[in-house]
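Colleague: Below is my_file25.pdb; it holds PDB, C-alpha atoms and all ligand atoms.
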ATOM      1  CA  MET I   1     186.142  83.534 132.252  1.00  0.00           C
ATOM      2  CA  ILE I   2     186.789  87.133 133.242  1.00  0.00           C
ATOM      3  CA  CYS I   3     186.501  89.927 130.694  1.00  0.00           C
ATOM      4  CA  CYS I   4     186.507  93.669 130.919  1.00  0.00           C
ATOM      5  CA  TYR I   5     184.190  96.202 129.369  1.00  0.00           C
ATOM      6  CA  GLN I   6     184.378  99.939 129.485  1.00  0.00           C
ATOM      7  CA  ILE I   7     181.566 102.099 130.714  1.00  0.00           C
ATOM      8  CA  ALA I   8     181.257 105.775 131.464  1.00  0.00           C
ATOM      9  CA  PHE I   9     181.264 107.147 134.951  1.00  0.00           C
ATOM     10  CA  GLY I  10     181.208 110.365 136.983  1.00  0.00           C
ATOM     11  CA  GLY I  11     179.483 111.962 139.909  1.00  0.00           C
ATOM     12  CA  VAL I  12     177.249 110.165 137.643  1.00  0.00           C
ATOM     13  CA  ILE I  13     178.584 107.069 135.947  1.00  0.00           C
ATOM     14  CA  SER I  14     177.399 105.958 132.538  1.00  0.00           C
ATOM     15  CA  MET I  15     177.657 102.477 131.148  1.00  0.00           C
ATOM     16  CA  ALA I  16     178.582 101.267 127.668  1.00  0.00           C
ATOM     17  CA  LYS I  17     178.714  97.607 126.417  1.00  0.00           C
ATOM     18  CA  PRO I  18     178.060  94.226 128.319  1.00  0.00           C
ATOM     19  CA  SER I  19     175.685  91.395 129.350  1.00  0.00           C
ATOM     20  CA  VAL I  20     174.041  90.031 132.533  1.00  0.00           C
ATOM     21  CA  PHE I  21     171.813  87.189 133.257  1.00  0.00           C
ATOM     22  CA  ARG I  22     169.528  86.823 136.193  1.00  0.00           C
ATOM     23  CA  ALA I  23     165.846  86.053 136.422  1.00  0.00           C
ATOM     24  CA  GLU I  24     163.838  89.233 136.585  1.00  0.00           C
ATOM     25  CA  HIS I  25     161.601  89.528 139.600  1.00  0.00           C
ATOM     26  CA  SER I  26     157.892  89.830 139.311  1.00  0.00           C
ATOM     27  CA  MET I  27     158.121  92.600 141.929  1.00  0.00           C
ATOM     28  CA  ALA I  28     157.087  95.661 140.027  1.00  0.00           C
ATOM     29  CA  ALA I  29     159.312  98.689 140.185  1.00  0.00           C
ATOM     30  CA  ASP I  30     157.132 101.739 139.796  1.00  0.00           C
ATOM     31  CA  VAL I  31     159.337 104.109 137.888  1.00  0.00           C
ATOM     32  CA  SER I  32     157.306 106.751 136.067  1.00  0.00           C
ATOM     33  CA  LEU I  33     159.382 109.389 134.385  1.00  0.00           C
ATOM     34  CA  ASP I  34     158.543 112.776 132.998  1.00  0.00           C
ATOM     35  CA  ARG I  35     159.210 112.843 129.252  1.00  0.00           C
ATOM     36  CA  SER I  36     158.369 116.476 128.651  1.00  0.00           C
ATOM     37  CA  ILE I  37     160.740 118.363 126.426  1.00  0.00           C
ATOM     38  CA  SER I  38     162.347 121.790 126.244  1.00  0.00           C
ATOM     39  CA  PRO I  39     163.945 122.491 128.444  1.00  0.00           C
ATOM     40  CA  ARG I  40     164.140 118.855 129.368  1.00  0.00           C
ATOM     41  CA  ARG I  41     164.714 118.135 133.026  1.00  0.00           C
ATOM     42  CA  ARG I  42     166.996 115.228 133.809  1.00  0.00           C
ATOM     43  CA  ASN I  43     165.191 112.200 135.205  1.00  0.00           C
ATOM     44  CA  LEU I  44     167.163 110.855 138.150  1.00  0.00           C
ATOM     45  CA  VAL I  45     166.112 107.587 139.765  1.00  0.00           C
ATOM     46  CA  PHE I  46     167.453 106.972 143.270  1.00  0.00           C
ATOM     47  CA  ILE I  47     167.414 103.337 144.344  1.00  0.00           C
ATOM     48  CA  VAL I  48     167.526 103.178 148.106  1.00  0.00           C
ATOM     49  CA  ASN I  49     168.254 100.118 150.219  1.00  0.00           C
ATOM     50  CA  PRO I  50     166.389 101.125 153.391  1.00  0.00           C
ATOM     51  CA  LEU I  51     168.047  98.339 155.370  1.00  0.00           C
ATOM     52  CA  GLY I  52     171.630  99.102 154.329  1.00  0.00           C
ATOM     53  CA  ALA I  53     174.123  99.639 157.150  1.00  0.00           C
ATOM     54  CA  ASN I  54     171.691  98.046 159.586  1.00  0.00           C
ATOM     55  CA  GLY I  55     168.946 100.504 158.716  1.00  0.00           C
ATOM     56  CA  LYS I  56     171.125 103.607 158.833  1.00  0.00           C
ATOM     57  CA  THR I  57     170.851 104.072 155.066  1.00  0.00           C
ATOM     58  CA  GLY I  58     167.058 104.495 155.233  1.00  0.00           C
ATOM     59  CA  LYS I  59     167.249 106.952 158.113  1.00  0.00           C
ATOM     60  CA  GLU I  60     170.036 109.002 156.533  1.00  0.00           C
ATOM     61  CA  TRP I  61     168.202 109.069 153.195  1.00  0.00           C
ATOM     62  CA  LYS I  62     165.090 110.450 154.842  1.00  0.00           C
ATOM     63  CA  LYS I  63     167.114 113.281 156.362  1.00  0.00           C
ATOM     64  CA  LEU I  64     168.993 113.898 153.122  1.00  0.00           C
ATOM     65  CA  LEU I  65     166.015 114.020 150.765  1.00  0.00           C
ATOM     66  CA  PRO I  66     164.860 117.620 151.470  1.00  0.00           C
ATOM     67  CA  TYR I  67     168.393 118.913 150.810  1.00  0.00           C
ATOM     68  CA  LEU I  68     168.725 116.740 147.707  1.00  0.00           C
ATOM     69  CA  ARG I  69     165.451 118.072 146.331  1.00  0.00           C
ATOM     70  CA  SER I  70     166.397 121.664 147.026  1.00  0.00           C
ATOM     71  CA  ARG I  71     169.759 121.166 145.320  1.00  0.00           C
ATOM     72  CA  LEU I  72     168.545 119.213 142.274  1.00  0.00           C
ATOM     73  CA  ASP I  73     164.875 119.923 141.743  1.00  0.00           C
ATOM     74  CA  THR I  74     165.313 122.993 139.550  1.00  0.00           C
ATOM     75  CA  ASN I  75     166.588 120.980 136.612  1.00  0.00           C
ATOM     76  CA  CYS I  76     165.933 117.379 137.605  1.00  0.00           C
ATOM     77  CA  ASN I  77     162.993 115.131 138.337  1.00  0.00           C
ATOM     78  CA  VAL I  78     163.855 113.193 141.460  1.00  0.00           C
ATOM     79  CA  CYS I  79     162.313 109.731 141.633  1.00  0.00           C
ATOM     80  CA  GLU I  80     162.958 107.529 144.673  1.00  0.00           C
ATOM     81  CA  SER I  81     162.467 103.803 144.719  1.00  0.00           C
ATOM     82  CA  PHE I  82     163.022 101.569 147.743  1.00  0.00           C
ATOM     83  CA  THR I  83     164.270  98.017 147.473  1.00  0.00           C
ATOM     84  CA  SER I  84     162.171  95.336 149.111  1.00  0.00           C
ATOM     85  CA  GLY I  85     164.854  92.646 149.239  1.00  0.00           C
ATOM     86  CA  PRO I  86     168.012  91.266 147.660  1.00  0.00           C
ATOM     87  CA  SER I  87     168.233  91.664 143.852  1.00  0.00           C
ATOM     88  CA  HIS I  88     165.276  94.049 143.695  1.00  0.00           C
ATOM     89  CA  ALA I  89     167.644  96.899 142.768  1.00  0.00           C
ATOM     90  CA  ILE I  90     168.509  94.981 139.583  1.00  0.00           C
ATOM     91  CA  ASP I  91     164.907  95.017 138.402  1.00  0.00           C
ATOM     92  CA  ILE I  92     164.299  98.631 139.363  1.00  0.00           C
ATOM     93  CA  THR I  93     167.404  99.650 137.438  1.00  0.00           C
ATOM     94  CA  ARG I  94     166.328  97.792 134.306  1.00  0.00           C
ATOM     95  CA  GLU I  95     162.904  99.357 134.385  1.00  0.00           C
ATOM     96  CA  ALA I  96     164.335 102.833 134.949  1.00  0.00           C
ATOM     97  CA  ILE I  97     166.682 102.479 131.969  1.00  0.00           C
ATOM     98  CA  ARG I  98     163.887 101.157 129.751  1.00  0.00           C
ATOM     99  CA  GLU I  99     161.778 104.133 130.801  1.00  0.00           C
ATOM    100  CA  GLY I 100     164.563 106.475 129.715  1.00  0.00           C
ATOM    101  CA  ALA I 101     166.116 107.572 133.016  1.00  0.00           C
ATOM    102  CA  ASP I 102     169.086 109.883 132.610  1.00  0.00           C
ATOM    103  CA  ALA I 103     170.748 108.391 135.651  1.00  0.00           C
ATOM    104  CA  VAL I 104     170.177 105.595 138.113  1.00  0.00           C
ATOM    105  CA  ILE I 105     171.784 106.353 141.443  1.00  0.00           C
ATOM    106  CA  ALA I 106     172.515 103.657 144.003  1.00  0.00           C
ATOM    107  CA  VAL I 107     171.873 104.828 147.556  1.00  0.00           C
ATOM    108  CA  GLY I 108     173.489 102.410 149.960  1.00  0.00           C
ATOM    109  CA  GLY I 109     176.589 100.301 150.124  1.00  0.00           C
ATOM    110  CA  ASP I 110     178.697  98.275 147.757  1.00  0.00           C
ATOM    111  CA  GLY I 111     176.100  95.496 147.616  1.00  0.00           C
ATOM    112  CA  THR I 112     173.424  97.884 146.362  1.00  0.00           C
ATOM    113  CA  LEU I 113     175.842  99.442 143.882  1.00  0.00           C
ATOM    114  CA  HIS I 114     176.706  95.964 142.606  1.00  0.00           C
ATOM    115  CA  GLU I 115     173.048  95.170 141.997  1.00  0.00           C
ATOM    116  CA  VAL I 116     172.471  98.451 140.195  1.00  0.00           C
ATOM    117  CA  VAL I 117     175.490  97.789 137.960  1.00  0.00           C
ATOM    118  CA  ASN I 118     174.071  94.365 137.088  1.00  0.00           C
ATOM    119  CA  GLY I 119     170.727  95.987 136.299  1.00  0.00           C
ATOM    120  CA  PHE I 120     172.396  97.791 133.401  1.00  0.00           C
ATOM    121  CA  PHE I 121     172.602  94.452 131.584  1.00  0.00           C
ATOM    122  CA  TRP I 122     170.192  91.747 130.570  1.00  0.00           C
ATOM    123  CA  ALA I 123     170.744  88.491 128.683  1.00  0.00           C
ATOM    124  CA  GLY I 124     174.219  89.406 127.554  1.00  0.00           C
ATOM    125  CA  ARG I 125     173.425  92.938 126.410  1.00  0.00           C
ATOM    126  CA  PRO I 126     173.177  96.413 127.846  1.00  0.00           C
ATOM    127  CA  VAL I 127     169.625  97.384 128.713  1.00  0.00           C
ATOM    128  CA  THR I 128     168.375 100.188 126.469  1.00  0.00           C
ATOM    129  CA  ASN I 129     165.520 102.627 126.715  1.00  0.00           C
ATOM    130  CA  HIS I 130     162.249 101.894 124.916  1.00  0.00           C
ATOM    131  CA  ASP I 131     161.787 104.872 122.723  1.00  0.00           C
ATOM    132  CA  ARG I 132     164.542 107.424 123.058  1.00  0.00           C
ATOM    133  CA  GLU I 133     167.199 107.991 120.436  1.00  0.00           C
ATOM    134  CA  SER I 134     169.885 105.308 120.600  1.00  0.00           C
ATOM    135  CA  ALA I 135     172.544 107.889 121.491  1.00  0.00           C
ATOM    136  CA  HIS I 136     170.841 108.378 124.844  1.00  0.00           C
ATOM    137  CA  SER I 137     172.497 106.432 127.610  1.00  0.00           C
ATOM    138  CA  THR I 138     171.661 106.136 131.262  1.00  0.00           C
ATOM    139  CA  ALA I 139     174.390 107.032 133.718  1.00  0.00           C
ATOM    140  CA  LEU I 140     175.149 105.280 136.966  1.00  0.00           C
ATOM    141  CA  GLY I 141     175.551 107.312 140.120  1.00  0.00           C
ATOM    142  CA  LEU I 142     176.262 106.623 143.754  1.00  0.00           C
ATOM    143  CA  ILE I 143     175.371 108.132 147.095  1.00  0.00           C
ATOM    144  CA  PRO I 144     177.551 106.097 149.432  1.00  0.00           C
ATOM    145  CA  LEU I 145     175.491 105.352 152.529  1.00  0.00           C
ATOM    146  CA  GLY I 146     176.490 101.783 153.274  1.00  0.00           C
ATOM    147  CA  THR I 147     178.700 100.161 155.847  1.00  0.00           C
ATOM    148  CA  GLY I 148     181.933  99.849 153.923  1.00  0.00           C
ATOM    149  CA  SER I 149     181.544 101.968 150.780  1.00  0.00           C
ATOM    150  CA  ASP I 150     184.760 100.543 149.454  1.00  0.00           C
ATOM    151  CA  PHE I 151     184.043 101.710 145.892  1.00  0.00           C
ATOM    152  CA  ALA I 152     183.683 105.346 146.945  1.00  0.00           C
ATOM    153  CA  ARG I 153     186.932 105.190 148.877  1.00  0.00           C
ATOM    154  CA  THR I 154     188.686 103.692 145.878  1.00  0.00           C
ATOM    155  CA  PHE I 155     187.832 106.893 144.005  1.00  0.00           C
ATOM    156  CA  GLY I 156     189.116 109.028 146.826  1.00  0.00           C
ATOM    157  CA  TRP I 157     185.588 110.172 147.591  1.00  0.00           C
ATOM    158  CA  LYS I 158     184.685 110.965 151.149  1.00  0.00           C
ATOM    159  CA  ASN I 159     181.827 108.982 152.559  1.00  0.00           C
ATOM    160  CA  ASP I 160     179.850 112.202 152.470  1.00  0.00           C
ATOM    161  CA  PRO I 161     176.403 112.179 150.832  1.00  0.00           C
ATOM    162  CA  HIS I 162     176.424 115.971 150.418  1.00  0.00           C
ATOM    163  CA  GLU I 163     179.552 115.742 148.290  1.00  0.00           C
ATOM    164  CA  ALA I 164     177.857 113.027 146.252  1.00  0.00           C
ATOM    165  CA  ILE I 165     174.896 115.345 145.639  1.00  0.00           C
ATOM    166  CA  GLU I 166     177.263 118.062 144.426  1.00  0.00           C
ATOM    167  CA  ARG I 167     178.731 115.609 141.932  1.00  0.00           C
ATOM    168  CA  LEU I 168     175.225 114.755 140.734  1.00  0.00           C
ATOM    169  CA  ALA I 169     174.305 118.418 140.455  1.00  0.00           C
ATOM    170  CA  LYS I 170     177.280 118.999 138.170  1.00  0.00           C
ATOM    171  CA  GLY I 171     176.137 116.078 136.008  1.00  0.00           C
ATOM    172  CA  ILE I 172     179.612 115.361 134.719  1.00  0.00           C
ATOM    173  CA  ARG I 173     180.032 111.884 133.282  1.00  0.00           C
ATOM    174  CA  SER I 174     183.200 109.915 132.812  1.00  0.00           C
ATOM    175  CA  ARG I 175     183.956 106.386 131.750  1.00  0.00           C
ATOM    176  CA  ILE I 176     184.827 103.453 133.931  1.00  0.00           C
ATOM    177  CA  ASP I 177     185.646  99.808 133.299  1.00  0.00           C
ATOM    178  CA  VAL I 178     183.233  97.056 134.245  1.00  0.00           C
ATOM    179  CA  GLY I 179     184.345  93.458 134.509  1.00  0.00           C
ATOM    180  CA  VAL I 180     182.234  90.440 133.763  1.00  0.00           C
ATOM    181  CA  ILE I 181     182.644  86.890 134.991  1.00  0.00           C
ATOM    182  CA  SER I 182     180.901  84.190 132.970  1.00  0.00           C
ATOM    183  CA  GLY I 183     180.240  80.812 134.500  1.00  0.00           C
ATOM    184  CA  GLU I 184     180.088  77.522 132.611  1.00  0.00           C
ATOM    185  CA  GLY I 185     176.331  77.829 132.421  1.00  0.00           C
ATOM    186  CA  GLY I 186     176.702  81.143 130.610  1.00  0.00           C
ATOM    187  CA  GLU I 187     175.553  83.192 133.556  1.00  0.00           C
ATOM    188  CA  ALA I 188     177.340  86.532 133.620  1.00  0.00           C
ATOM    189  CA  HIS I 189     178.072  88.613 136.699  1.00  0.00           C
ATOM    190  CA  TYR I 190     179.252  92.161 136.307  1.00  0.00           C
ATOM    191  CA  PHE I 191     181.501  93.889 138.778  1.00  0.00           C
ATOM    192  CA  ILE I 192     182.678  97.444 139.027  1.00  0.00           C
ATOM    193  CA  ASN I 193     184.899  97.265 142.061  1.00  0.00           C
ATOM    194  CA  VAL I 194     186.443  93.936 142.964  1.00  0.00           C
ATOM    195  CA  ALA I 195     185.594  90.293 142.388  1.00  0.00           C
ATOM    196  CA  ASP I 196     186.806  87.433 144.504  1.00  0.00           C
ATOM    197  CA  ILE I 197     186.502  83.784 143.739  1.00  0.00           C
ATOM    198  CA  HIS I 198     186.279  81.354 146.603  1.00  0.00           C
ATOM    199  CA  LEU I 199     188.490  78.321 146.216  1.00  0.00           C
TER     200      LEU I 199
HETATM  201  N1  LIG B 201     164.973  95.754 151.456  1.00  0.00           N
HETATM  202  C1  LIG B 201     165.975  94.902 151.643  1.00  0.00           C
HETATM  203  N2  LIG B 201     165.914  93.948 152.616  1.00  0.00           N
HETATM  204  C2  LIG B 201     166.943  93.110 152.824  1.00  0.00           C
HETATM  205  N3  LIG B 201     168.104  93.118 152.109  1.00  0.00           N
HETATM  206  C3  LIG B 201     168.202  94.040 151.117  1.00  0.00           C
HETATM  207  C4  LIG B 201     167.163  94.966 150.845  1.00  0.00           C
HETATM  208  N4  LIG B 201     167.554  95.751 149.827  1.00  0.00           N
HETATM  209  C5  LIG B 201     168.781  95.327 149.468  1.00  0.00           C
HETATM  210  N5  LIG B 201     169.174  94.296 150.239  1.00  0.00           N
HETATM  211  C6  LIG B 201     170.461  93.570 150.226  1.00  0.00           C
HETATM  212  O1  LIG B 201     171.332  94.160 151.167  1.00  0.00           O
HETATM  213  C7  LIG B 201     172.669  93.983 150.705  1.00  0.00           C
HETATM  214  C8  LIG B 201     173.626  94.932 151.392  1.00  0.00           C
HETATM  215  O2  LIG B 201     173.215  96.253 151.170  1.00  0.00           O
HETATM  216  P1  LIG B 201     174.222  97.505 151.055  1.00  0.00           P
HETATM  217  O3  LIG B 201     175.409  97.159 150.252  1.00  0.00           O
HETATM  218  O4  LIG B 201     173.411  98.667 150.600  1.00  0.00           O
HETATM  219  O5  LIG B 201     174.638  97.833 152.554  1.00  0.00           O
HETATM  220  P2  LIG B 201     175.856  97.392 153.451  1.00  0.00           P
HETATM  221  O6  LIG B 201     176.086  95.931 153.328  1.00  0.00           O
HETATM  222  O7  LIG B 201     175.585  97.941 154.799  1.00  0.00           O
HETATM  223  O8  LIG B 201     177.099  98.195 152.839  1.00  0.00           O
HETATM  224  P3  LIG B 201     178.488  97.698 152.219  1.00  0.00           P
HETATM  225  O9  LIG B 201     178.139  96.701 151.146  1.00  0.00           O
HETATM  226  O10 LIG B 201     179.145  98.930 151.659  1.00  0.00           O
HETATM  227  O11 LIG B 201     179.286  97.106 153.349  1.00  0.00           O
HETATM  228  C9  LIG B 201     172.551  94.156 149.215  1.00  0.00           C
HETATM  229  O12 LIG B 201     173.539  93.395 148.544  1.00  0.00           O
HETATM  230  C10 LIG B 201     171.140  93.665 148.878  1.00  0.00           C
HETATM  231  O13 LIG B 201     171.158  92.373 148.304  1.00  0.00           O
END
Would you mind writing the structure in this file as structure tokens?
Modeller:
Amino acid sequence: MICCYQIAFGGVISMAKPSVFRAEHSMAADVSLDRSISPRRRNLVFIVNPLGANGKTGKEWKKLLPYLRSRLDTNCNVCESFTSGPSHAIDITREAIREGADAVIAVGGDGTLHEVVNGFFWAGRPVTNHDRESAHSTALGLIPLGTGSDFARTFGWKNDPHEAIERLAKGIRSRIDVGVISGEGGEAHYFINVADIHL
């Protein structure tokens, strides 16, 4: 079964409804966020696949980080978290949302983005933060540093990480649809770009 849900999206993308199902890893994702108030700095969690694009993602990220900090640090807390293997980005995303992140930003290719999208859902529901007001929602962002970056191209974005940082700096959110495919066993897979089914 294929359904569609609507989520919000932007330079930062923010999700609404849904439901995913996948065993959570025991691999801890250390996401500690600053919860100080007034004026509250945005907590941005960057999930980096160091091995994306045959290792280019990790190298490019390292070069990009000083610029990113200089551009965002005045009003944001920048938290970086590296994936240690497939599906780890899902768990990091869930923890970041539960901890109240303002945005979770995938740094890598379409595979990493896909995992981050799926981390916005758990057991058929959107993941929510532990103790913030219910109106608070975590946005999804992307710094396209993968091989294909098909999603970014679909939006007419250049494969330019500096442009992505500008979008993040502006902090504008907009909504985007997310699809979900449910298997007979009830397992749900969310997709934000394309889904193909092998026959
Ligand atoms: N630390 C890691 N070690 C091995 N594989 C990883 C690690 N972190 C993430 N992955 C896996 O790598 C896959 C591909 O990563 P990613 O999409 O970032 O790069 P890409 O394949 O080069 O880019 P694109 O998908 O745009 O072609 C992800 O789907 C994820 O499952």
Colleague: Would you please work out which residue, of I:Arg41, I:Lys62, I:His114, I:Arg94, is nearest to ligand LIG 201 (chain B) when using all atoms listed in the file?
Modeller: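 Checking each candidate against ligand LIG 201 (chain B), we get I:His114 as the closest.
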Colleague: With the PyMOL selection byres (((not hetatm)) within 9 of (chain B and resi 201)) as the selection, what would be picked from this file? Answer as number ranges by chain, please.
Modeller: I: 48-57, 82-89, 106-115, 144-151
Colleague: CA of Arg125 (chain I) and CA of Ala188 (chain I) are how many Å apart?
Modeller: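 Interatomic distance, CA of Arg125 (chain I) to CA of Ala188 (chain I): 10.4 Å.
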Colleague: Just the residues within 9 Å of region 66-77 of chain I, please, counting all atoms listed in the file, with nothing from its chain fewer than 3 positions along; format it as a list in words.
Modeller: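 In the requested form, the answer reads Leu33, Asp34, Pro39, Arg40, Arg41, Arg42, Asn43, Leu44, Val45, Lys62, Lys63, His162, Ile165, Glu166, Leu168 and Ala169 of chain I.
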Colleague: Of the candidates I:Arg167, I:Arg98, I:His130, I:Lys59, which one gets nearest to Leu142 (chain I) if we count all atoms listed in the file?
Modeller: I:Arg167
Colleague: What are the centre and edge lengths in Å, to one decimal, of the axis-aligned box around all listed atoms of region 112-124 of chain I with 5 Å added on each side, as AutoDock Vina command-line options?
Modeller:
--center_x 173.4 --center_y 94.0 --center_z 137.0 --size_x 16.5 --size_y 21.0 --size_z 28.8
Colleague: Rounded to one decimal in Å, what is the spacing between CA of Ile192 (chain I) and CA of Val178 (chain I)?
Modeller: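 These atoms are spaced 4.8 Å apart.
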Colleague: Check which residues satisfy the PyMOL selection byres (((chain I and resi 118) around 8) and not hetatm) in the file shown, then give them as number ranges by chain.
Modeller: I: 20, 90, 114-117, 119-121, 189-191
Colleague: Care to translate the PyMOL selection byres (((chain I and resi 102) around 8) and not hetatm) into actual residues of this file, as a list of chain:residue names?
Modeller: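 In the shown coordinates, the PyMOL selection byres (((chain I and resi 102) around 8) and not hetatm) covers I:Arg42, I:Asn43, I:Leu44, I:Ile97, I:Gly100, I:Ala101, I:Ala103, I:Val104, I:Ser137, I:Thr138, I:Ala139.
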Colleague: Can you write just those residues out, C-alpha atoms, as a PDB file, in the coordinates of the input?
Modeller:
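Written out: part38.pdb:
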ATOM      1  CA  ARG I  42     166.996 115.228 133.809  1.00  0.00           C
ATOM      2  CA  ASN I  43     165.191 112.200 135.205  1.00  0.00           C
ATOM      3  CA  LEU I  44     167.163 110.855 138.150  1.00  0.00           C
ATOM      4  CA  ILE I  97     166.682 102.479 131.969  1.00  0.00           C
ATOM      5  CA  GLY I 100     164.563 106.475 129.715  1.00  0.00           C
ATOM      6  CA  ALA I 101     166.116 107.572 133.016  1.00  0.00           C
ATOM      7  CA  ALA I 103     170.748 108.391 135.651  1.00  0.00           C
ATOM      8  CA  VAL I 104     170.177 105.595 138.113  1.00  0.00           C
ATOM      9  CA  SER I 137     172.497 106.432 127.610  1.00  0.00           C
ATOM     10  CA  THR I 138     171.661 106.136 131.262  1.00  0.00           C
ATOM     11  CA  ALA I 139     174.390 107.032 133.718  1.00  0.00           C
TER      12      ALA I 139
END
Colleague: With all atoms listed in the file as the atoms that count, which of I:Ala96, I:Asn129, I:Leu64, I:Glu187 lies nearest to Ala164 (chain I)?
Modeller: I:Leu64
